[in-house]
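Undergrad: Here you go, model01.cif (mmCIF, C-alpha atoms):
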```
data_my_file
loop_
_atom_site.label_atom_id
_atom_site.label_comp_id
_atom_site.auth_asym_id
_atom_site.auth_seq_id
_atom_site.Cartn_x
_atom_site.Cartn_y
_atom_site.Cartn_z
CA MET A 64 -63.66 59.64 60.99
CA TRP A 65 -63.17 55.87 61.22
CA MET A 66 -59.46 56.24 60.42
CA ALA A 67 -59.10 58.77 63.21
CA ALA A 68 -60.72 56.33 65.63
CA TYR A 69 -58.35 53.50 64.73
CA ALA A 70 -55.17 55.35 63.89
CA ASP A 71 -55.35 58.29 66.28
CA THR A 72 -54.72 60.55 63.30
CA LYS A 73 -55.50 63.57 65.47
CA SER A 74 -52.00 62.99 66.83
CA GLY A 75 -50.41 62.41 63.44
CA ARG A 76 -50.88 62.54 59.70
CA SER A 77 -51.30 60.13 56.81
CA SER A 78 -49.81 60.20 53.32
CA ARG A 79 -50.72 58.09 50.32
CA GLN A 80 -47.76 56.10 49.01
CA ARG A 81 -49.16 54.36 45.94
CA LEU A 82 -52.33 53.26 44.18
CA ILE A 83 -53.14 50.03 42.32
CA HIS A 84 -56.19 49.68 40.07
CA THR A 85 -57.25 46.18 39.05
CA THR A 86 -60.52 44.34 39.79
CA ALA A 87 -60.46 46.27 43.06
CA SER A 88 -58.55 49.43 43.93
CA LYS A 89 -55.84 49.33 46.58
CA LEU A 90 -54.69 52.56 48.22
CA PHE A 91 -51.57 52.37 50.37
CA PHE A 92 -51.00 54.87 53.19
CA THR A 93 -48.29 55.54 55.73
CA ILE A 94 -49.45 57.03 59.03
CA ARG A 95 -46.91 58.98 61.03
CA TYR A 96 -47.52 59.92 64.66
CA GLU A 97 -46.27 63.03 66.38
CA ASP A 98 -44.97 60.96 69.29
CA GLY A 99 -43.18 58.67 66.84
CA ILE A 100 -44.52 55.57 68.58
CA ALA A 101 -46.49 52.86 66.79
CA LYS A 102 -47.24 51.06 70.11
CA GLY A 103 -46.09 47.63 68.99
CA GLY A 104 -48.61 47.25 66.21
CA SER A 105 -51.60 48.53 68.19
CA ARG A 106 -51.75 51.52 65.85
CA LEU A 107 -52.10 51.57 62.09
CA THR A 108 -48.82 52.47 60.43
CA TYR A 109 -48.58 50.97 56.95
CA ILE A 110 -52.05 50.21 55.66
CA CYS A 111 -53.86 49.12 52.53
CA ILE A 112 -57.42 50.27 51.86
CA LYS A 113 -59.09 47.91 49.41
CA GLY A 114 -62.47 48.37 47.75
CA GLY A 115 -64.33 48.89 44.51
CA GLY A 116 -62.29 50.63 41.88
CA GLY A 117 -60.64 50.19 38.55
CA THR A 118 -59.26 52.52 35.93
CA ILE A 119 -62.66 53.99 35.02
CA PRO A 120 -63.99 56.99 36.98
CA ASP A 121 -67.08 55.31 38.48
CA PRO A 122 -66.80 51.51 38.17
CA LEU A 123 -69.83 50.71 40.32
CA ALA A 124 -72.00 52.79 38.02
CA VAL A 125 -70.70 50.89 34.98
CA TYR A 126 -70.60 47.48 36.69
CA PRO A 127 -73.24 47.67 39.47
CA PHE A 128 -73.17 43.89 39.97
CA LEU A 129 -69.71 44.26 41.54
CA THR A 130 -71.18 45.93 44.62
CA ARG A 131 -72.22 42.63 46.19
CA ILE A 132 -68.83 41.10 45.41
CA TYR A 133 -66.96 43.82 47.30
CA GLN A 134 -69.47 43.61 50.15
CA ARG A 135 -68.97 39.84 50.28
CA GLU A 136 -65.25 40.31 50.88
CA SER A 137 -65.74 42.73 53.75
CA ASP A 138 -68.36 40.39 55.25
CA PHE A 139 -65.88 37.54 55.04
CA PHE A 140 -63.34 39.36 57.18
CA THR A 141 -65.88 40.34 59.84
CA LYS A 142 -68.06 37.21 59.96
CA ILE A 143 -66.02 34.27 58.69
CA ALA A 144 -62.30 35.02 58.98
CA PRO A 145 -62.07 34.66 62.81
CA LYS A 146 -63.04 30.97 62.57
CA PRO A 147 -60.60 29.10 60.30
CA ARG A 148 -57.03 28.31 61.31
CA MET A 149 -55.51 30.00 58.30
CA LYS A 150 -53.04 32.79 57.76
CA LEU A 151 -54.76 36.10 57.08
CA PRO A 152 -53.57 39.71 57.13
CA LYS A 153 -54.35 41.92 60.10
CA VAL A 154 -57.65 43.65 59.28
CA TRP A 155 -58.47 46.84 61.18
CA TRP A 156 -61.88 47.54 59.70
CA ALA A 157 -64.17 45.94 57.11
CA ASP A 158 -67.65 46.99 56.00
CA HIS A 159 -69.57 48.50 53.08
CA GLY A 160 -67.34 46.67 50.60
CA VAL A 161 -64.14 48.24 51.98
CA VAL A 162 -61.33 46.43 53.83
CA VAL A 163 -58.59 48.21 55.78
CA MET A 164 -55.63 45.91 56.40
CA ASN A 165 -51.92 46.00 57.01
CA ASP A 166 -49.77 46.71 53.97
CA LEU A 167 -48.18 43.29 53.63
CA THR A 168 -45.24 44.57 51.60
CA TYR A 169 -43.83 45.90 54.89
CA LYS A 170 -44.14 42.38 56.31
CA GLY A 171 -41.88 41.03 53.58
CA TYR A 172 -44.63 39.55 51.39
CA GLU A 173 -44.79 39.80 47.63
CA PHE A 174 -47.82 39.44 45.37
CA THR A 175 -47.26 37.35 42.28
CA ASP A 176 -48.34 38.72 38.94
CA PRO A 177 -50.82 36.39 37.16
CA LEU A 178 -48.38 36.32 34.25
CA GLN A 179 -46.00 34.35 36.47
CA THR A 180 -46.59 30.69 37.27
CA TRP A 181 -45.74 28.96 40.54
CA PRO A 182 -43.81 25.78 41.30
CA ALA A 183 -45.91 22.86 42.51
CA GLU A 184 -44.42 23.05 46.02
CA ARG A 185 -45.73 26.58 46.56
CA VAL A 186 -49.19 25.62 45.35
CA LEU A 187 -49.33 22.86 47.99
CA VAL A 188 -48.82 25.47 50.72
CA VAL A 189 -51.72 27.53 49.37
CA VAL A 190 -53.89 24.42 49.09
CA GLU A 191 -53.36 23.81 52.82
CA GLN A 192 -54.76 27.27 53.61
CA LEU A 193 -57.75 26.60 51.38
CA ALA A 194 -58.36 23.32 53.20
CA ALA A 195 -58.29 25.16 56.54
CA LEU A 196 -60.98 27.54 55.31
CA HIS A 197 -63.16 24.74 53.96
CA ALA A 198 -62.80 22.65 57.11
CA ALA A 199 -63.89 25.55 59.32
CA THR A 200 -66.95 26.29 57.18
CA TRP A 201 -67.92 22.74 56.21
CA GLY A 202 -71.64 22.11 56.66
CA MET A 203 -72.43 25.80 56.96
CA ARG A 204 -76.12 26.42 56.27
CA SER A 205 -77.79 29.50 54.84
CA GLU A 206 -80.07 29.75 57.88
CA GLY A 207 -77.10 30.71 60.03
CA TYR A 208 -75.55 32.96 57.39
CA PRO A 209 -78.43 34.63 55.50
CA TRP A 210 -76.08 37.24 54.04
CA ILE A 211 -74.38 34.56 51.91
CA THR A 212 -76.33 34.53 48.67
CA PRO A 213 -75.35 33.04 45.27
CA ALA A 214 -73.81 36.21 43.86
CA TYR A 215 -71.31 34.61 41.49
CA GLU A 216 -73.92 33.84 38.84
CA GLN A 217 -74.98 37.49 38.79
CA LEU A 218 -71.33 38.52 38.48
CA ILE A 219 -70.74 36.33 35.42
CA LEU A 220 -74.00 37.40 33.77
CA GLY A 221 -73.10 41.04 34.37
CA LEU A 222 -69.65 40.60 32.89
CA MET A 223 -71.12 38.78 29.89
CA GLN A 224 -73.11 41.91 29.09
CA THR A 225 -69.82 43.77 28.67
CA TYR A 226 -68.00 41.02 26.76
CA ASP A 227 -68.80 42.16 23.21
CA ALA A 228 -67.78 45.70 24.05
CA GLU A 229 -64.48 44.66 25.64
CA ILE A 230 -63.26 41.64 23.65
CA ARG A 231 -64.14 41.57 19.94
CA ALA A 232 -63.55 38.71 17.55
CA ASP A 233 -61.46 40.87 15.22
CA ASP A 234 -58.86 41.92 17.76
CA GLY A 235 -59.36 39.75 20.84
CA THR A 236 -58.45 36.25 21.87
CA PRO A 237 -61.55 34.19 22.36
CA SER A 238 -55.90 26.96 35.62
CA SER A 239 -54.37 29.31 37.28
CA ALA A 240 -51.12 29.35 39.34
CA LEU A 241 -49.46 26.36 37.69
CA SER A 242 -48.33 26.22 34.10
CA VAL A 243 -50.41 23.92 31.90
CA GLU A 244 -47.63 21.33 31.91
CA ASP A 245 -47.10 21.42 35.69
CA ARG A 246 -50.83 21.29 36.36
CA ARG A 247 -51.14 18.13 34.27
CA ALA A 248 -48.14 16.55 36.00
CA HIS A 249 -49.09 17.43 39.59
CA GLU A 250 -52.89 17.76 39.53
CA ASN A 251 -53.75 14.49 41.29
CA ASP A 252 -51.01 14.93 43.90
CA THR A 253 -52.29 18.44 44.64
CA ILE A 254 -55.87 17.22 45.08
CA ASP A 255 -54.67 14.41 47.38
CA HIS A 256 -52.73 16.94 49.47
CA TYR A 257 -55.83 19.13 49.75
CA LEU A 258 -57.98 16.20 50.91
CA LYS A 259 -55.36 15.17 53.47
CA SER A 260 -55.12 18.74 54.80
CA LEU A 261 -58.92 19.05 54.89
CA ALA A 262 -59.15 16.06 57.24
CA GLU A 263 -56.26 17.31 59.39
CA PHE A 264 -58.02 20.65 59.91
CA GLY A 265 -61.16 18.88 61.13
CA GLY A 266 -63.04 18.53 57.87
CA PRO A 267 -64.41 15.28 56.45
CA THR A 268 -62.17 12.42 55.36
CA MET A 269 -62.52 11.97 51.62
CA GLU A 270 -60.80 10.18 48.77
CA ARG A 271 -60.18 11.25 45.19
CA ASP A 272 -63.17 9.41 43.75
CA GLU A 273 -65.56 10.25 40.91
CA GLU A 274 -67.73 12.52 43.08
CA VAL A 275 -64.75 14.53 44.31
CA MET A 276 -63.38 14.88 40.80
CA ALA A 277 -66.77 16.02 39.53
CA GLU A 278 -66.84 18.77 42.17
CA TYR A 279 -63.28 19.67 41.26
CA ALA A 280 -64.31 20.03 37.62
CA HIS A 281 -67.22 22.26 38.64
CA SER A 282 -64.79 24.58 40.44
CA PHE A 283 -63.34 25.64 37.11
CA MET A 284 -66.54 27.57 36.41
CA SER A 285 -64.85 30.35 38.36
CA SER A 286 -62.47 30.74 35.43
CA PHE A 287 -65.14 32.46 33.34
CA SER A 288 -64.70 35.62 35.39
CA TRP A 289 -61.26 35.84 33.76
CA VAL A 290 -62.57 35.05 30.29
CA VAL A 291 -64.97 38.01 30.36
CA ALA A 292 -62.93 40.38 32.55
CA PRO A 293 -62.91 43.87 30.97
CA SER A 294 -59.64 45.65 30.31
CA SER A 295 -60.60 48.32 32.84
CA MET A 296 -60.14 45.70 35.58
CA GLN A 297 -57.31 43.49 34.33
CA THR A 298 -54.76 43.83 31.55
CA MET A 299 -55.43 41.71 28.49
CA GLU A 300 -52.00 40.07 28.95
CA ARG A 301 -53.17 38.72 32.31
CA VAL A 302 -56.58 37.74 30.95
CA HIS A 303 -55.04 35.80 28.07
CA ALA A 304 -52.51 34.02 30.33
CA MET A 305 -55.12 32.97 32.89
CA THR A 306 -57.66 31.98 30.24
CA LYS A 307 -55.12 29.73 28.52
CA ARG A 308 -54.42 27.84 31.76
CA TYR A 309 -58.07 27.52 32.75
CA MET A 310 -59.33 26.44 29.34
CA ALA A 311 -56.65 23.75 29.14
CA ALA A 312 -57.79 22.46 32.54
CA ILE A 313 -61.45 22.42 31.51
#
```
Show me, as structure tokens, the structure contained in the file I just sent.

TA:
Amino acid sequence: MWMAAYADTKSGRSSRQRLIHTTASKLFFTIRYEDGIAKGGSRLTYICIKGGGGTIPDPLAVYPFLTRIYQRESDFFTKIAPKPRMKLPKVWWADHGVVVMNDLTYKGYEFTDPLQTWPAERVLVVVEQLAALHAATWGMRSEGYPWITPAYEQLILGLMQTYDAEIRADDGTPSSALSVEDRRAHENDTIDHYLKSLAEFGGPTMERDEEVMAEYAHSFMSSFSWVVAPSSMQTMERVHAMTKRYMAAI
């Protein structure tokens, strides 16, 4: 029903083009209209529907703690995304842990496989976008956003319960975009670029001091979601590659 409201599918039809299962499932559709007119982007044409998924039949039943993570993403697009001056995909609808957005492959974008590393110059561009997000949400208090709760701890604890079943000592291997060598060579320059961009986007002016570096070190706690990621969500080749980079950084 909601797709009919946004895409006017009563005057056309949709067909699924492909399906990707990782931590979340992505379903890609093409919508064709009987009048053949997409109205300059005012109608959905090439879309991606993203939500809970994976290669197992009912992932939310097996990993119920993921529900709040998917919901958090849809809440971000409806309640936070309009504020920061950052580049985001066109989102047509987001709620209940599901996000309907433009299929960016038709906009000429490519998604890098975690097995591939990036050059330092590309990472600086991404860091600028992260600074824009942080500047727009700096000083945000829970009173104004009661739906933001500390869900990451529950996610890690939930994944830890599956660790022994997914990665065993007998056949398993006990940061992220840059290679270990490039991260070591460009780490301080990247942090300085982030701090400069943060101030330019209206955030606080900060220097790379001990307090900032301590917070930076704390950010690597996010890496443990890769360490304990089950094979039903990510391939072990990706898990091993990301874990190697993160553990070297820690």

Undergrad: Measure the distance from atom CA of A:His256 to atom CA of A:Gln192 in Å and round it to one decimal.

TA: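 Separation of atom CA of A:His256 and atom CA of A:Gln192: 11.3 Å.
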
Undergrad: I want to know what sits within 8 Å of stretch 242-250 of chain A, based on all atoms listed in the file, with residues of the same chain fewer than 4 positions away left out; could you give that as a PyMOL selection string?

TA: chain A and resi 180-183+238+254+308+311-312

Undergrad: Write out as a PyMOL selection string the residues lying within 10 Å of stretch 268-274 of chain A, counting only C-alpha atoms and excluding same-chain residues fewer than 5 positions away.

TA: chain A and resi 251-252+254-255+257-263+279-280

Undergrad: For A:Lys113, list every protein, DNA or RNA residue within 7 Å, evaluated using only C-alpha atoms, and leave out those in the same chain fewer than 3 positions away; present the list as number ranges by chain.

TA: A: 87-90, 161-163

Undergrad: Neighbouring residues of A:Arg301 were defined as those with any atom within 10 Å, considering all atoms listed in the file; residues of the same chain fewer than 6 positions away were excluded. Please report them as a PyMOL selection string.

TA: chain A and resi 176-179+289+292+294+307

Undergrad: Taking C-alpha atoms for each residue, export the selection above as a PDB file, keeping the file's coordinate frame.

TA:
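Generated output (selection_38.pdb):
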```pdb
ATOM      1  CA  ASP A 176     -48.340  38.720  38.940  1.00  0.00           C
ATOM      2  CA  PRO A 177     -50.820  36.390  37.160  1.00  0.00           C
ATOM      3  CA  LEU A 178     -48.380  36.320  34.250  1.00  0.00           C
ATOM      4  CA  GLN A 179     -46.000  34.350  36.470  1.00  0.00           C
ATOM      5  CA  TRP A 289     -61.260  35.840  33.760  1.00  0.00           C
ATOM      6  CA  ALA A 292     -62.930  40.380  32.550  1.00  0.00           C
ATOM      7  CA  SER A 294     -59.640  45.650  30.310  1.00  0.00           C
ATOM      8  CA  LYS A 307     -55.120  29.730  28.520  1.00  0.00           C
TER       9      LYS A 307
END
```

Undergrad: Just so the selection is clear, what residues does the PyMOL selection byres ((chain A and resi 111) around 10) cover here, as a list of chain:residue names?

TA: A:Arg79, A:Gln80, A:Arg81, A:Leu82, A:Ser88, A:Lys89, A:Leu90, A:Phe91, A:Phe92, A:Thr93, A:Thr108, A:Tyr109, A:Ile110, A:Ile112, A:Lys113, A:Gly114, A:Val154, A:Val162, A:Val163, A:Met164, A:Asn165, A:Asp166, A:Leu167, A:Thr168

Undergrad: Starting from the point (-55.5, 26.0, 60.0), work out which residues of protein, DNA or RNA have an atom no more than 9 Å away when counting only C-alpha atoms; state them as a list in words.

TA: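 Taken together, the residues in range are Pro147, Arg148, Met149, Lys150, Glu191, Gln192, Leu193, Ala194, Ala195, Leu196, Ala198, Ala199, Ser260, Glu263 and Phe264 of chain A.
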
Undergrad: Dump C-alpha atoms for the selected residues as a PDB file, in the coordinates of the input?

TA:
```pdb
ATOM      1  CA  PRO A 147     -60.600  29.100  60.300  1.00  0.00           C
ATOM      2  CA  ARG A 148     -57.030  28.310  61.310  1.00  0.00           C
ATOM      3  CA  MET A 149     -55.510  30.000  58.300  1.00  0.00           C
ATOM      4  CA  LYS A 150     -53.040  32.790  57.760  1.00  0.00           C
ATOM      5  CA  GLU A 191     -53.360  23.810  52.820  1.00  0.00           C
ATOM      6  CA  GLN A 192     -54.760  27.270  53.610  1.00  0.00           C
ATOM      7  CA  LEU A 193     -57.750  26.600  51.380  1.00  0.00           C
ATOM      8  CA  ALA A 194     -58.360  23.320  53.200  1.00  0.00           C
ATOM      9  CA  ALA A 195     -58.290  25.160  56.540  1.00  0.00           C
ATOM     10  CA  LEU A 196     -60.980  27.540  55.310  1.00  0.00           C
ATOM     11  CA  ALA A 198     -62.800  22.650  57.110  1.00  0.00           C
ATOM     12  CA  ALA A 199     -63.890  25.550  59.320  1.00  0.00           C
ATOM     13  CA  SER A 260     -55.120  18.740  54.800  1.00  0.00           C
ATOM     14  CA  GLU A 263     -56.260  17.310  59.390  1.00  0.00           C
ATOM     15  CA  PHE A 264     -58.020  20.650  59.910  1.00  0.00           C
TER      16      PHE A 264
END
```

Undergrad: If you measure from atom CA of A:Thr85 to atom CA of A:Ser295, what distance in Å do you get, rounded to one decimal?

TA: 7.4 Å

Undergrad: Under the rule that all atoms listed in the file are counted, which of A:Arg135, A:Lys146, A:Lys153, A:Lys170 is the nearest residue to A:Trp210?

TA: A:Arg135
